[in-house]
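Source file: input32.txt; contents: compact mmCIF, C-alpha atoms.
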```
# COMPACT_ATOMS: atom_id res chain seq x y z
CA MET A 265 17.02 4.34 14.47
CA ASP A 266 18.90 5.34 11.33
CA LEU A 267 22.65 4.91 11.64
CA PHE A 268 23.18 8.52 10.64
CA SER A 269 20.26 10.09 12.53
CA ASN A 270 22.52 11.55 15.22
CA ILE A 271 24.78 13.02 12.59
CA GLU A 272 21.87 14.34 10.52
CA ASN A 273 19.92 15.79 13.45
CA GLU A 274 22.73 17.07 15.63
CA GLU A 275 25.88 17.32 13.57
CA SER A 276 24.72 17.58 9.96
CA LYS A 277 26.65 20.79 9.47
CA ASN A 278 29.84 19.04 10.58
CA ARG A 279 29.46 15.91 8.48
CA LYS A 280 32.63 15.65 6.42
CA ASP A 281 32.33 15.99 2.67
CA LYS A 282 36.07 15.74 2.05
CA ILE A 283 39.02 13.95 3.62
CA GLY A 284 42.42 14.61 2.13
CA GLN A 285 42.11 14.40 -1.64
CA THR A 286 38.79 12.51 -1.49
CA ASP A 287 35.34 14.04 -1.99
CA ILE A 288 32.69 12.22 0.04
CA GLN A 289 29.06 11.68 -0.90
CA TYR A 290 26.28 10.07 1.13
CA ILE A 291 23.94 7.86 -0.88
CA LYS A 292 21.00 5.48 -0.45
CA SER A 293 21.94 2.10 -1.85
CA ALA A 294 19.45 -0.34 -3.35
CA SER A 295 21.19 -3.32 -1.75
CA ILE A 296 24.08 -4.16 0.54
CA LEU A 297 24.61 -7.89 -0.09
CA THR A 298 25.69 -8.92 -3.58
CA GLU A 299 25.69 -12.49 -4.80
CA ALA A 300 29.36 -13.33 -5.26
CA LYS A 301 30.50 -13.87 -8.84
CA GLY A 302 33.68 -14.08 -10.87
CA PHE A 303 36.88 -14.16 -8.84
CA MET A 304 34.90 -14.30 -5.57
CA ASN A 305 32.29 -16.86 -6.68
CA ALA A 306 33.32 -19.33 -3.98
CA TYR A 307 31.63 -17.01 -1.47
CA ASP A 308 27.89 -16.57 -1.00
CA TYR A 309 27.99 -12.78 -0.82
CA THR A 310 30.23 -9.75 -1.04
CA LEU A 311 29.45 -6.73 1.12
CA ASN A 312 30.73 -3.23 0.36
CA PRO A 313 29.76 -0.49 2.85
CA TYR A 314 31.35 2.10 0.57
CA SER A 315 31.74 2.70 -3.14
CA GLY A 316 35.00 4.12 -4.40
CA CYS A 317 38.07 4.33 -2.20
CA SER A 318 40.11 7.02 -0.48
CA PHE A 319 43.28 4.93 -0.74
CA GLY A 320 43.31 5.22 -4.53
CA CYS A 321 45.96 2.62 -5.38
CA ASN A 322 46.88 3.42 -8.94
CA TYR A 323 46.68 -0.21 -10.13
CA CYS A 324 43.37 -1.04 -8.42
CA TYR A 325 41.14 -3.35 -10.46
CA ALA A 326 38.08 -1.96 -8.65
CA ALA A 327 38.53 1.36 -10.46
CA PHE A 328 37.51 -0.38 -13.64
CA PHE A 329 34.12 -1.25 -12.17
CA ALA A 330 33.38 2.46 -11.72
CA ARG A 331 30.19 3.61 -13.42
CA SER A 332 31.77 6.29 -15.55
CA ASN A 333 35.09 7.14 -17.15
CA ASP A 334 35.25 10.21 -14.93
CA GLU A 335 34.98 8.08 -11.78
CA LYS A 336 37.55 5.65 -13.16
CA ASP A 337 40.01 8.41 -14.05
CA ASN A 338 39.52 10.06 -10.65
CA TRP A 339 39.83 6.87 -8.61
CA GLY A 340 40.97 7.80 -5.12
CA ASN A 341 39.37 11.23 -5.31
CA TRP A 342 35.81 10.14 -4.57
CA LEU A 343 34.00 7.96 -2.05
CA LYS A 344 30.32 7.18 -1.67
CA VAL A 345 29.00 6.21 1.76
CA LYS A 346 26.08 3.79 1.67
CA GLU A 347 24.38 5.45 4.59
CA ASN A 348 21.44 3.01 4.64
CA ALA A 349 23.68 -0.06 4.68
CA LEU A 350 22.74 -1.06 8.22
CA GLN A 351 19.02 -0.69 7.54
CA LEU A 352 19.32 -2.92 4.47
CA LEU A 353 21.09 -5.57 6.53
CA ILE A 354 18.52 -5.35 9.34
CA LYS A 355 15.86 -6.35 6.81
CA LYS A 356 17.67 -9.68 6.48
CA ARG A 357 16.91 -10.66 10.07
CA LYS A 358 13.83 -12.62 9.02
CA LYS A 359 16.11 -14.96 7.09
CA PRO A 360 19.42 -14.94 9.00
CA LEU A 361 22.67 -15.45 7.15
CA ILE A 362 23.68 -18.44 9.25
CA ASN A 363 26.95 -19.94 7.96
CA LYS A 364 26.80 -17.90 4.77
CA THR A 365 30.25 -16.90 3.57
CA ILE A 366 30.65 -13.14 3.21
CA TYR A 367 33.63 -11.25 1.84
CA ILE A 368 34.01 -7.66 3.14
CA SER A 369 34.91 -5.93 0.84
CA SER A 370 35.44 -6.78 -2.82
CA VAL A 371 35.57 -3.38 -4.55
CA THR A 372 36.43 -1.00 -1.72
CA ASP A 373 38.15 -1.04 1.68
CA PRO A 374 35.80 -1.37 4.67
CA TYR A 375 38.17 0.76 6.76
CA GLN A 376 38.14 4.01 4.84
CA PRO A 377 39.45 7.05 6.74
CA ILE A 378 35.83 8.29 7.12
CA GLU A 379 35.06 5.06 9.00
CA ARG A 380 36.66 6.62 12.07
CA GLN A 381 33.81 9.12 12.21
CA LEU A 382 30.90 7.09 10.84
CA GLU A 383 31.56 3.60 12.24
CA LEU A 384 29.55 2.16 9.35
CA THR A 385 31.60 -1.03 9.04
CA ARG A 386 31.52 -1.46 12.81
CA SER A 387 27.72 -1.18 12.85
CA ILE A 388 27.52 -3.85 10.14
CA LEU A 389 29.79 -6.19 12.11
CA LYS A 390 27.62 -5.70 15.21
CA GLU A 391 24.50 -6.59 13.21
CA LEU A 392 26.09 -9.67 11.67
CA LEU A 393 27.35 -10.83 15.05
CA ALA A 394 24.05 -10.35 16.86
CA PHE A 395 21.61 -11.67 14.28
CA HIS A 396 23.31 -13.63 11.50
CA LYS A 397 26.48 -15.57 12.45
CA PRO A 398 28.04 -15.78 8.98
CA ARG A 399 31.55 -16.91 8.06
CA LEU A 400 33.51 -13.71 7.43
CA VAL A 401 36.61 -12.67 5.59
CA ILE A 402 37.58 -9.01 6.09
CA GLN A 403 39.92 -7.61 3.44
CA THR A 404 41.75 -4.37 4.20
CA ARG A 405 44.98 -2.45 3.92
CA SER A 406 44.17 -0.21 6.86
CA SER A 407 45.67 -0.51 10.32
CA PHE A 408 42.34 0.80 11.67
CA VAL A 409 40.95 -2.73 11.55
CA THR A 410 42.39 -3.18 15.06
CA ARG A 411 39.54 -1.04 16.41
CA ASP A 412 37.14 -3.93 15.82
CA ILE A 413 39.16 -6.70 17.43
CA ASP A 414 36.59 -6.85 20.23
CA LEU A 415 33.86 -7.77 17.73
CA LEU A 416 35.88 -10.00 15.44
CA LYS A 417 36.95 -12.16 18.39
CA GLN A 418 33.29 -13.05 18.98
CA PHE A 419 32.59 -14.51 15.54
CA GLU A 420 32.80 -18.30 15.38
CA VAL A 421 34.49 -18.07 11.98
CA ALA A 422 36.27 -14.90 10.88
CA GLN A 423 39.51 -14.06 9.15
CA VAL A 424 41.22 -10.71 8.61
CA ASN A 425 43.23 -10.38 5.42
CA MET A 426 45.80 -7.59 5.42
CA THR A 427 47.11 -6.47 2.04
CA VAL A 428 50.86 -5.83 2.06
CA THR A 429 52.18 -5.61 -1.50
CA THR A 430 55.84 -4.70 -1.01
CA ASP A 431 58.63 -4.28 1.52
CA SER A 432 59.65 -0.93 0.02
CA GLU A 433 58.20 2.38 1.14
CA ASP A 434 59.42 3.92 -2.13
CA VAL A 435 57.37 1.38 -4.05
CA ARG A 436 54.42 1.81 -1.72
CA LYS A 437 54.47 5.58 -2.27
CA ALA A 438 54.65 5.13 -6.05
CA PHE A 439 51.76 2.68 -6.29
CA GLU A 440 49.77 3.33 -3.09
CA PRO A 441 50.48 6.97 -2.21
CA PHE A 442 47.48 7.45 0.10
CA CYS A 443 47.67 4.13 1.94
CA PRO A 444 49.01 3.40 5.43
CA SER A 445 52.69 2.50 5.58
CA ASN A 446 53.86 -1.09 5.28
CA LYS A 447 55.13 -0.99 8.85
CA SER A 448 51.77 0.11 10.24
CA ARG A 449 49.95 -2.64 8.36
CA LEU A 450 52.30 -5.35 9.63
CA LYS A 451 51.98 -4.02 13.16
CA ALA A 452 48.18 -4.06 12.89
CA ILE A 453 47.90 -7.60 11.59
CA LYS A 454 50.23 -8.78 14.35
CA GLU A 455 47.87 -7.21 16.88
CA VAL A 456 44.90 -8.97 15.28
CA THR A 457 46.79 -12.28 15.24
CA ASP A 458 47.87 -11.89 18.85
CA ALA A 459 44.20 -11.42 19.76
CA GLY A 460 43.54 -14.98 18.59
CA ILE A 461 41.76 -14.06 15.35
CA GLN A 462 42.54 -16.00 12.19
CA THR A 463 44.63 -13.88 9.82
CA CYS A 464 46.21 -13.83 6.39
CA ILE A 465 48.60 -11.49 4.58
CA THR A 466 47.70 -10.95 0.95
CA MET A 467 50.52 -9.83 -1.31
CA THR A 468 48.09 -9.19 -4.13
CA PRO A 469 49.45 -8.02 -6.38
CA LEU A 470 53.08 -8.48 -5.42
CA LEU A 471 54.88 -5.27 -6.31
CA PRO A 472 58.66 -4.87 -6.58
CA ILE A 473 60.53 -6.30 -3.58
CA GLU A 474 63.86 -5.03 -2.27
CA ASP A 475 64.96 -7.97 -0.11
CA ALA A 476 62.80 -11.10 -0.24
CA VAL A 477 64.57 -12.91 2.61
CA LYS A 478 64.33 -9.97 4.98
CA PHE A 479 60.73 -9.43 3.92
CA THR A 480 59.80 -13.00 4.85
CA GLU A 481 61.32 -12.41 8.27
CA GLU A 482 59.15 -9.33 8.69
CA LEU A 483 56.09 -11.27 7.56
CA LEU A 484 56.79 -14.14 9.94
CA SER A 485 57.33 -11.75 12.85
CA THR A 486 53.61 -10.93 12.71
CA GLY A 487 52.69 -14.48 13.72
CA VAL A 488 50.52 -14.86 10.63
CA GLN A 489 50.56 -18.40 9.24
CA LYS A 490 48.71 -17.92 5.95
CA PHE A 491 49.83 -15.90 2.92
CA ILE A 492 48.55 -15.28 -0.60
CA VAL A 493 50.47 -13.98 -3.59
CA GLN A 494 49.52 -12.87 -7.09
CA PRO A 495 51.61 -11.43 -9.91
CA PHE A 496 51.34 -7.85 -11.09
CA HIS A 497 50.74 -7.46 -14.81
CA PRO A 498 51.65 -3.91 -15.88
CA ASP A 499 51.45 -4.87 -19.54
CA LYS A 500 47.66 -5.10 -19.26
CA GLY A 501 47.58 -1.35 -18.87
CA LYS A 502 45.17 -1.18 -15.95
CA PHE A 503 46.43 1.96 -14.33
CA VAL A 504 44.33 4.82 -13.08
CA ALA A 505 44.59 8.00 -15.13
CA SER A 506 48.21 9.09 -15.74
CA THR A 507 49.92 6.86 -13.17
CA ARG A 508 51.28 4.25 -15.58
CA ASP A 509 54.56 6.09 -16.18
CA ILE A 510 55.21 6.47 -12.44
CA ALA A 511 54.67 2.75 -11.92
CA PHE A 512 56.88 1.73 -14.82
CA GLU A 513 59.68 4.01 -13.65
CA GLN A 514 59.67 2.36 -10.24
CA MET A 515 59.60 -1.14 -11.72
CA LYS A 516 62.48 -0.32 -14.06
CA LYS A 517 64.47 1.13 -11.18
CA MET A 518 64.13 -2.14 -9.26
CA ASN A 519 64.57 -4.40 -12.29
CA TRP A 520 61.22 -6.01 -11.58
CA ASP A 521 59.93 -8.52 -14.11
CA ASP A 522 58.32 -11.96 -14.30
CA THR A 523 61.63 -13.69 -13.67
CA LYS A 524 62.32 -11.72 -10.52
CA TYR A 525 58.75 -12.27 -9.36
CA ALA A 526 59.20 -16.03 -9.77
CA LYS A 527 62.44 -15.97 -7.75
CA VAL A 528 60.79 -14.05 -4.92
CA VAL A 529 57.81 -16.41 -4.85
CA GLU A 530 60.17 -19.37 -4.66
CA ILE A 531 61.76 -17.83 -1.56
CA PHE A 532 58.30 -17.36 -0.10
CA ARG A 533 57.43 -21.01 -0.75
CA LYS A 534 60.53 -22.18 1.11
CA ARG A 535 60.20 -19.85 4.08
CA LEU A 536 56.50 -19.21 4.68
CA PRO A 537 54.31 -21.84 6.39
CA TRP A 538 51.47 -21.67 3.83
CA LEU A 539 51.34 -19.85 0.51
CA GLY A 540 48.32 -19.71 -1.75
CA GLU A 541 48.41 -18.30 -5.24
CA GLY A 542 45.64 -16.55 -7.11
CA LYS A 543 41.98 -17.43 -6.71
CA LYS A 544 42.61 -20.65 -4.77
CA GLY A 545 44.31 -18.65 -2.05
CA PHE A 546 41.17 -16.60 -1.51
CA ALA A 547 38.89 -19.58 -0.93
CA PRO A 548 36.39 -19.10 1.93
CA ILE A 549 37.37 -20.27 5.39
```
Can the structure in the file be given as structure tokens, please?
Amino acid sequence: MDLFSNIENEESKNRKDKIGQTDIQYIKSASILTEAKGFMNAYDYTLNPYSGCSFGCNYCYAAFFARSNDEKDNWGNWLKVKENALQLLIKKRKKPLINKTIYISSVTDPYQPIERQLELTRSILKELLAFHKPRLVIQTRSSFVTRDIDLLKQFEVAQVNMTVTTDSEDVRKAFEPFCPSNKSRLKAIKEVTDAGIQTCITMTPLLPIEDAVKFTEELLSTGVQKFIVQPFHPDKGKFVASTRDIAFEQMKKMNWDDTKYAKVVEIFRKRLPWLGEGKKGFAPI
């Protein structure tokens, strides 16, 4: 049965086409598993249940993979649901993805706000668990990942990466205005960790930090033992639409530069149990 048959047959009139600032489209995708390349080439596949992103972080590299300048400039204002994603994955049952490394997701967040209604990511996890048994890394900045603890606990090899880029809500609002709060993300990853699931906090990119020592205490309080950090390069100009000025104002206000980044990372190295940097930190588990 089609994942969306109940919605289409019984609730099609109520299917959401907008959440907050984000317009939502429902599309048929040609594929759901993509051979991993570039930064993620250590994995076998990447899997993206959605295209676009409701969170719309203004520095997001994924915006620059958008198919048009309009989509790039309106990053955060559009989301495409791959409504046949489960059916595409079901077709893989004849050749199960045993021990294949899969990264979910590379150019979107698998826990979009619409996921609460559609349960698309959850249906994919159920399929992978029942028929494939891959090695998973889930990358998100949403506290909603806790909904799927029951499934994630059953995978032999699975890790949840939670992106937390700053300790400052002012910074978070400047760079990630539509994302969950820092506090909610840390609370969520603690819950996942406490459930016995392997976890990691990814500070990628690391945005301006108010108090590095206090921040490490907050990070350690989650019980997470693995951390990844990457620098933020504003000089490369990869900002969505007209957000560059907002970002630079916040960075100037906090005197954030390469020197300060290096000092913060040094504190992390001394206080955190394991710290990976860049691509090596994202190696498959």
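Closest approach to Lys534 in chain A among A:Ser295, A:Gln289, A:Met426, A:Thr480 is made by A:Thr480 (distances from all atoms listed in the file).
Candidate residues A:Ile378, A:Cys321, A:Leu384, A:Ala422 were compared for distance to Pro398 in chain A, and the nearest is A:Ala422, using only C-alpha atoms.
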At most 12 Å is the cut-off: for each residue in range 375-425 of chain A with any atom that close to an atom of range 486-494 of chain A, write down the nearest atom pair and the distance in Å rounded to one decimal, counting all atoms listed in the file, chain first then increasing number, as a Markdown table.
```
| residue | atom | partner | partner_atom | distance |
| --- | --- | --- | --- | --- |
| A:Gln423 | CA | A:Lys490 | CA | 10.5 |
| A:Val424 | CA | A:Val488 | CA | 10.4 |
| A:Asn425 | CA | A:Phe491 | CA | 9.0 |
```
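Considering the residues A:Lys478, A:Lys358, A:Lys454, A:Lys364 and counting all atoms listed in the file, Val401 in chain A has its shortest atom-to-atom contact with A:Lys364.
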Would you work out the distance separating CA of Glu481 in chain A from CA of Phe408 in chain A, expressed in Å to one decimal? 23.4 Å
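The nearest approach to Lys390 in chain A among the residues A:Lys417, A:Lys292, A:Lys447, A:Lys280, with all atoms listed in the file taken into account, belongs to A:Lys417.
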Please determine, counting all atoms listed in the file, which residue among A:Pro360, A:Pro377, A:Pro495, A:Gly302 has the shortest atom-to-atom distance to Leu471 in chain A. A:Pro495
Any idea what's packed within 12 Å of Glu433 in chain A, counting all atoms listed in the file, ignoring anything in its chain fewer than 2 positions away? Could you give it as a ChimeraX atom specification? /A:428-431,435-448,471-474,514
Residues within 10 Å of Ala306 in chain A, all atoms listed in the file, excluding chain neighbours under 3 positions, as an MDAnalysis selection string: chainID A and resid 300:303 309 365:367 543:544 546:548
Can you work out the spacing between CA of Glu482 in chain A and CA of Ser318 in chain A in Å, to one decimal? 26.7 Å
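Take the candidates A:Gly284, A:Ser332, A:Tyr323, A:Tyr307 and check each one against Leu400 in chain A using only C-alpha atoms; the shortest distance goes to A:Tyr307.
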